[in-house]
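Content type mmCIF, C-alpha atoms, from the file work_25.cif:
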```cif
data_final
#
loop_
_atom_site.label_atom_id
_atom_site.label_comp_id
_atom_site.auth_asym_id
_atom_site.auth_seq_id
_atom_site.Cartn_x
_atom_site.Cartn_y
_atom_site.Cartn_z
CA MET J 1 124.59 109.21 111.83
CA GLU J 2 123.05 109.66 108.38
CA ARG J 3 126.48 109.28 106.79
CA ASN J 4 127.15 106.03 108.71
CA ARG J 5 123.76 104.65 107.72
CA LYS J 6 124.36 105.30 104.04
CA ARG J 7 127.80 103.74 104.28
CA ASN J 8 126.20 100.46 105.37
CA GLN J 9 123.48 100.49 102.73
CA THR J 10 123.62 98.66 99.44
CA ASP J 11 121.88 99.42 96.16
CA GLY J 12 121.03 97.23 93.21
CA ILE J 13 118.66 94.59 94.60
CA VAL J 14 116.52 93.21 91.77
CA PHE J 15 113.45 91.13 92.65
CA ASN J 16 111.10 89.58 90.12
CA GLY J 17 112.53 91.88 87.45
CA HIS J 18 112.08 95.05 89.53
CA ASP J 19 115.11 97.15 90.47
CA LEU J 20 114.31 98.20 94.04
CA SER J 21 117.10 100.79 94.05
CA SER J 22 114.79 103.17 92.18
CA LEU J 23 112.84 103.53 95.43
CA VAL J 24 115.01 102.38 98.33
CA CYS J 25 118.48 102.02 99.78
CA CYS J 26 119.04 98.60 101.33
CA LYS J 27 121.06 96.81 103.98
CA ILE J 28 121.16 93.03 103.63
CA ARG J 29 121.42 90.57 106.50
CA ARG J 30 122.16 87.11 105.17
CA PRO J 31 124.12 84.01 106.20
CA VAL J 32 127.24 82.72 104.49
CA MET J 33 125.26 79.64 103.47
CA ALA J 34 121.92 78.02 104.10
CA SER J 35 121.13 76.43 107.46
CA VAL J 36 122.36 72.84 107.72
CA LYS J 37 120.34 70.19 109.51
CA ALA J 38 122.51 67.26 110.57
CA THR J 39 120.83 64.23 112.13
CA PHE J 40 122.40 61.56 114.31
CA GLU J 41 121.14 58.44 116.01
CA ASP J 42 122.05 56.56 119.16
CA VAL J 43 123.62 53.14 118.89
CA PRO J 44 122.61 50.82 121.71
CA GLY J 45 125.53 49.84 123.90
CA ARG J 46 127.88 52.51 122.50
CA HIS J 47 128.86 56.00 123.58
CA GLY J 48 127.90 59.00 121.51
CA GLU J 49 126.00 58.99 118.25
CA THR J 50 126.50 57.95 114.63
CA PHE J 51 125.96 60.33 111.76
CA LYS J 52 122.80 59.71 109.74
CA SER J 53 122.26 62.55 107.25
CA ALA J 54 122.74 66.23 106.50
CA LYS J 55 120.78 68.63 104.33
CA ARG J 56 120.66 72.33 103.61
CA GLU J 57 117.37 73.92 104.60
CA GLY J 58 115.41 76.98 103.58
CA TYR J 59 116.04 80.21 105.45
CA ASP J 60 114.97 83.83 105.84
CA LEU J 61 116.95 86.69 104.32
CA VAL J 62 116.18 90.05 105.95
CA VAL J 63 116.61 93.32 104.05
CA ASP J 64 116.32 96.72 105.75
CA MET J 65 115.00 99.34 103.34
CA TRP J 66 115.02 103.14 103.48
CA LEU J 67 112.87 105.11 101.08
CA ARG J 68 114.87 107.47 98.92
CA THR J 69 112.14 110.09 99.02
CA ALA J 70 112.45 112.88 101.59
CA ARG J 71 109.22 114.74 100.82
CA ARG J 72 106.12 113.98 102.84
CA ARG J 73 103.80 113.94 99.83
CA GLU J 74 105.98 111.36 98.06
CA VAL J 75 106.09 108.79 100.88
CA ALA J 76 102.64 107.23 100.32
CA GLU J 77 103.16 106.91 96.57
CA ALA J 78 106.58 105.33 97.06
CA ARG J 79 105.14 102.89 99.60
CA HIS J 80 102.49 101.71 97.12
CA LYS J 81 105.07 101.30 94.35
CA LEU J 82 107.37 99.32 96.64
CA ALA J 83 104.52 97.01 97.68
CA ALA J 84 103.72 96.34 94.01
CA MET J 85 107.38 95.46 93.36
CA LEU J 86 107.56 93.08 96.31
CA TRP J 87 104.28 91.22 95.82
CA THR J 88 104.26 87.87 94.03
CA ASP J 89 102.24 84.72 94.73
CA GLU J 90 105.14 82.39 93.93
CA PRO J 91 108.95 82.48 94.34
CA ALA J 92 110.77 84.78 91.93
CA PRO J 93 114.44 85.55 91.15
CA LEU J 94 116.24 87.73 93.70
CA PHE J 95 119.55 89.26 92.58
CA LEU J 96 121.76 90.77 95.27
CA PRO J 97 124.24 93.57 94.49
CA ASP J 98 127.42 91.78 95.60
CA ASP J 99 126.67 88.73 93.41
CA PRO J 100 124.91 90.05 90.27
CA THR J 101 125.50 86.97 88.07
CA ARG J 102 123.69 84.55 90.41
CA TYR J 103 120.24 84.64 91.95
CA LEU J 104 118.07 83.01 94.62
CA MET J 105 114.44 81.98 94.26
CA ALA J 106 112.64 84.00 96.94
CA ILE J 107 109.26 85.19 98.10
CA VAL J 108 108.33 87.88 100.62
CA SER J 109 107.14 86.16 103.80
CA GLY J 110 105.54 87.39 106.99
CA SER J 111 105.11 91.00 108.03
CA THR J 112 106.96 93.52 105.87
CA ASP J 113 106.65 96.39 108.36
CA LEU J 114 105.46 98.55 105.48
CA ASP J 115 103.14 100.26 107.91
CA GLU J 116 106.26 101.57 109.65
CA ILE J 117 107.23 103.62 106.62
CA THR J 118 105.99 106.99 107.80
CA ASP J 119 106.90 110.60 107.30
CA ASP J 120 109.20 110.48 110.34
CA CYS J 121 110.80 107.09 109.72
CA PRO J 122 110.81 105.99 106.05
CA MET J 123 112.26 102.54 106.81
CA ALA J 124 111.04 98.92 106.53
CA SER J 125 112.39 95.44 107.22
CA VAL J 126 111.40 92.98 104.52
CA THR J 127 111.90 89.23 104.93
CA PHE J 128 112.49 87.10 101.83
CA HIS J 129 112.07 83.38 102.40
CA ILE J 130 114.51 81.21 100.45
CA GLY J 131 113.02 77.74 100.03
CA ASP J 132 115.61 76.52 97.52
CA PRO J 133 119.04 77.08 99.14
CA ASP J 134 120.94 76.81 95.83
CA TYR J 135 122.10 79.88 93.94
CA HIS J 136 121.18 79.80 90.27
CA GLY J 137 123.89 80.87 87.82
CA GLN J 138 124.27 81.28 84.09
CA SER J 139 122.10 79.43 81.61
CA ARG J 140 124.33 77.33 79.38
CA ARG J 141 123.96 75.08 76.36
CA ILE J 142 126.04 72.84 74.15
CA ASP J 143 125.39 71.00 70.90
CA VAL J 144 126.21 67.28 70.90
CA SER J 145 126.95 64.99 67.98
CA GLY J 146 128.39 61.63 68.90
CA SER J 147 130.18 62.28 72.19
CA THR J 148 131.46 65.41 73.90
CA ALA J 149 133.11 66.63 77.10
CA PHE J 150 132.49 70.03 78.65
CA ALA J 151 132.76 72.01 81.87
CA VAL J 152 129.43 72.25 83.68
CA GLY J 153 130.22 75.27 85.86
CA GLY J 154 128.88 75.89 89.34
CA THR J 155 129.65 73.92 92.48
CA LEU J 156 126.57 71.67 92.54
CA PRO J 157 125.12 69.06 90.15
CA ALA J 158 122.73 70.41 87.51
CA ALA J 159 119.73 68.87 85.76
CA VAL J 160 119.60 69.24 81.98
CA LYS J 161 117.02 69.68 79.25
CA VAL J 162 117.67 67.92 75.95
CA THR J 163 116.21 68.61 72.52
CA ALA J 164 117.29 65.96 70.01
CA LYS J 165 116.81 65.12 66.36
CA PRO J 166 117.88 61.48 66.33
CA GLY J 167 117.02 60.66 62.73
CA ALA J 168 115.38 57.39 61.65
CA CYS J 169 116.17 54.70 64.22
CA SER J 170 114.54 52.02 66.37
CA SER J 171 115.49 53.78 69.63
CA TRP J 172 117.61 56.67 70.89
CA ARG J 173 119.83 57.04 73.94
CA ILE J 174 121.84 59.71 75.77
CA THR J 175 124.48 58.40 78.18
CA ASP J 176 126.71 59.79 80.91
CA THR J 177 129.84 57.85 80.00
CA ASP J 178 131.43 58.52 83.40
CA THR J 179 128.71 56.73 85.35
CA GLY J 180 127.00 54.61 82.70
CA GLU J 181 123.63 56.19 83.50
CA PHE J 182 121.39 56.75 80.49
CA VAL J 183 117.95 57.71 79.27
CA GLU J 184 116.67 55.73 76.30
CA VAL J 185 113.61 56.43 74.17
CA ALA J 186 112.47 52.91 73.36
CA GLN J 187 110.32 53.45 70.29
CA ALA J 188 110.77 53.81 66.56
CA LEU J 189 111.73 57.30 65.39
CA THR J 190 111.67 58.94 61.99
CA ALA J 191 113.75 61.59 60.28
CA ASP J 192 111.20 64.20 61.47
CA SER J 193 111.08 63.09 65.11
CA VAL J 194 111.99 65.58 67.84
CA VAL J 195 112.81 64.17 71.26
CA ARG J 196 112.60 66.40 74.33
CA LEU J 197 113.82 65.32 77.76
CA ASP J 198 113.50 67.27 81.01
CA PHE J 199 115.78 65.62 83.55
CA ALA J 200 114.50 67.71 86.48
CA THR J 201 110.87 66.60 86.04
CA GLU J 202 111.78 63.22 84.47
CA HIS J 203 109.55 64.01 81.49
CA ALA J 204 110.13 62.75 77.95
CA THR J 205 108.23 63.41 74.72
CA VAL J 206 108.48 62.61 71.03
CA ASN J 207 106.84 65.23 68.83
CA GLY J 208 104.90 66.45 71.87
CA SER J 209 103.53 63.04 72.92
CA ILE J 210 104.69 61.07 75.96
CA ALA J 211 107.64 58.90 74.97
CA ALA J 212 108.12 55.23 75.77
CA LEU J 213 111.32 54.78 77.82
CA ASN J 214 113.57 51.85 78.55
CA ILE J 215 112.70 50.79 82.12
CA MET J 216 116.40 51.05 83.05
CA SER J 217 116.48 54.75 82.16
CA ASP J 218 117.82 57.01 84.92
CA PHE J 219 117.48 60.80 84.68
CA PHE J 220 120.97 61.76 85.85
CA GLU J 221 122.57 65.09 86.77
CA ILE J 222 125.82 66.53 85.43
CA LYS J 223 128.63 68.13 87.45
CA ASP J 224 132.26 69.26 87.21
CA ARG J 225 133.35 68.04 83.77
CA ALA J 226 130.63 66.05 82.01
CA HIS J 227 131.05 63.41 79.31
CA LEU J 228 127.93 62.72 77.27
CA LYS J 229 127.26 60.43 74.32
CA ILE J 230 124.23 60.15 72.06
CA SER J 231 123.42 57.13 69.95
CA SER J 232 122.53 59.01 66.75
CA GLY J 233 121.67 62.38 65.24
CA THR J 234 122.25 65.64 67.07
CA ALA J 235 121.12 67.09 70.37
CA THR J 236 121.17 70.41 72.21
CA VAL J 237 121.78 70.12 75.95
CA GLU J 238 120.77 73.04 78.17
CA TRP J 239 121.25 73.58 81.89
CA GLU J 240 121.60 76.25 84.55
CA GLU J 241 124.61 76.48 86.84
CA ARG J 242 123.91 75.71 90.50
CA TRP J 243 126.04 77.20 93.27
CA LEU J 244 126.37 76.83 97.03
#
```

This structure in structure tokens:
Amino acid sequence: MERNRKRNQTDGIVFNGHDLSSLVCCKIRRPVMASVKATFEDVPGRHGETFKSAKREGYDLVVDMWLRTARRREVAEARHKLAAMLWTDEPAPLFLPDDPTRYLMAIVSGSTDLDEITDDCPMASVTFHIGDPDYHGQSRRIDVSGSTAFAVGGTLPAAVKVTAKPGACSSWRITDTDTGEFVEVAQALTADSVVRLDFATEHATVNGSIAALNIMSDFFEIKDRAHLKISSGTATVEWEERWL
């Protein structure tokens, strides 16, 4: 029985920078993908329903943990160390052993059953709640001068951060040439100006102060193979891969 249990356990879970394998063996119970909520609506005078929308929802990921310690005097100390590793007051990166290059943003939720870790049964079930169903992949960056094309990576669209030195000009723009979407800083810039754009939060600054934007600006996302163009100077574009 012990041999079968170990065969089904997995090591190498890293949460919030802590390698849990130093204290526990783990068995993960997780879905292939996040729960999907599809909504439909009735159409008067017709049979059936028409599709309205679909979205991926948050979900719980359950991990069974067995303490590595076998000595009675070590159980309490290991329990306290494990609790310190698991506690955080906001979501943190969770790396799973079968997918070490991508992570989920997770937080321990509900009862952890830590009180069930006793001398006779050093085991606990810990539930991580995944609010953001996307996997986060590698952090990537590319330098842009004029126009460029590049592979984004991942299977989902990604938001970018841009740091630009546009030089002296009356305005500065970055454009997705595939869609025509753009963000334009609509104010005079100097040779010393530094423009920073955060497309996820739709925040733009020039030398640390809020930037004036063209009202037609649209903070777009990039996916698949992106084609970007800047109106002048140079820019560094950074993003993180997003995966289903």

Note to self: Show me the residues close to (114.3, 62.9, 61.3) - anything with an atom within 6 Å, counting only C-alpha atoms - and format the list as a list of chain:residue names.
What the structure shows: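 So the residues meeting the distance criterion are J:Gly167, J:Ala168, J:Thr190, J:Ala191, J:Asp192, J:Ser193.
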
C-alpha atoms of the current selection, written as a compact mmCIF listing (two decimals), keeping the file's coordinate frame:
```txt
# COMPACT_ATOMS: atom_id res chain seq x y z
CA GLY J 167 117.02 60.66 62.73
CA ALA J 168 115.38 57.39 61.65
CA THR J 190 111.67 58.94 61.99
CA ALA J 191 113.75 61.59 60.28
CA ASP J 192 111.20 64.20 61.47
CA SER J 193 111.08 63.09 65.11
```

Next item on the list: Please write the residues picked by the PyMOL selection byres ((chain J and resi 149) around 10) on this file as a PyMOL selection string.
Entry: chain J and resi 142+144+147-148+150-152+177+225-229

Notebook entry, point to check: Taking into account only C-alpha atoms, which residue in the set J:His203, J:His18, J:Arg242, J:Lys27 is nearest to Arg140 in chain J?
Noted result: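 Using only C-alpha atoms, Arg140 in chain J sits closest to J:Arg242.
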
Note to self: Translate the PyMOL selection byres ((chain J and resi 216) around 12) into a concrete residue list for this structure, as a list in words.
What the structure shows: Arg173, Thr175, Gly180, Glu181, Phe182, Val183, Glu184, Val185, Ala186, Ala212, Leu213, Asn214, Ile215, Ser217, Asp218, Phe219 and Phe220 of chain J

Next item on the list: Between CA of Ser109 in chain J and CA of Asp60 in chain J, measure the distance and give it in Å to one decimal.
Entry: 8.4 Å

Note to self: I want to know what sits within 8 Å of range 135-137 of chain J, based on all atoms listed in the file, with residues of the same chain fewer than 2 positions away left out; could you give that as JSON, numbers by chain?
What the structure shows: {"J": [101, 102, 103, 104, 105, 133, 139, 154, 240, 241, 242, 243, 244]}

Item checked: Polymer residues at most 8 Å from Ser21 in chain J, all atoms listed in the file, same-chain spacing of 5 or more positions, as JSON, numbers by chain -> {"J": [11, 12, 13, 14, 26]}

Check: Looking at J:Met85, J:Arg73, J:Ala38, J:Lys55, which one is nearest to Ser22 in chain J, with distances taken over all atoms listed in the file?
Finding: J:Met85

Next item on the list: Calculate how many Å separate CA of Arg29 in chain J from CA of Ala158 in chain J, rounding to one decimal.
Entry: 27.7 Å

Checklist line | Top pick for closest residue to Pro93 in chain J, considering J:Phe15, J:Val108, J:Leu156, J:Leu67 and counting all atoms listed in the file | finding: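 Result for the nearest residue to Pro93 in chain J: J:Phe15.
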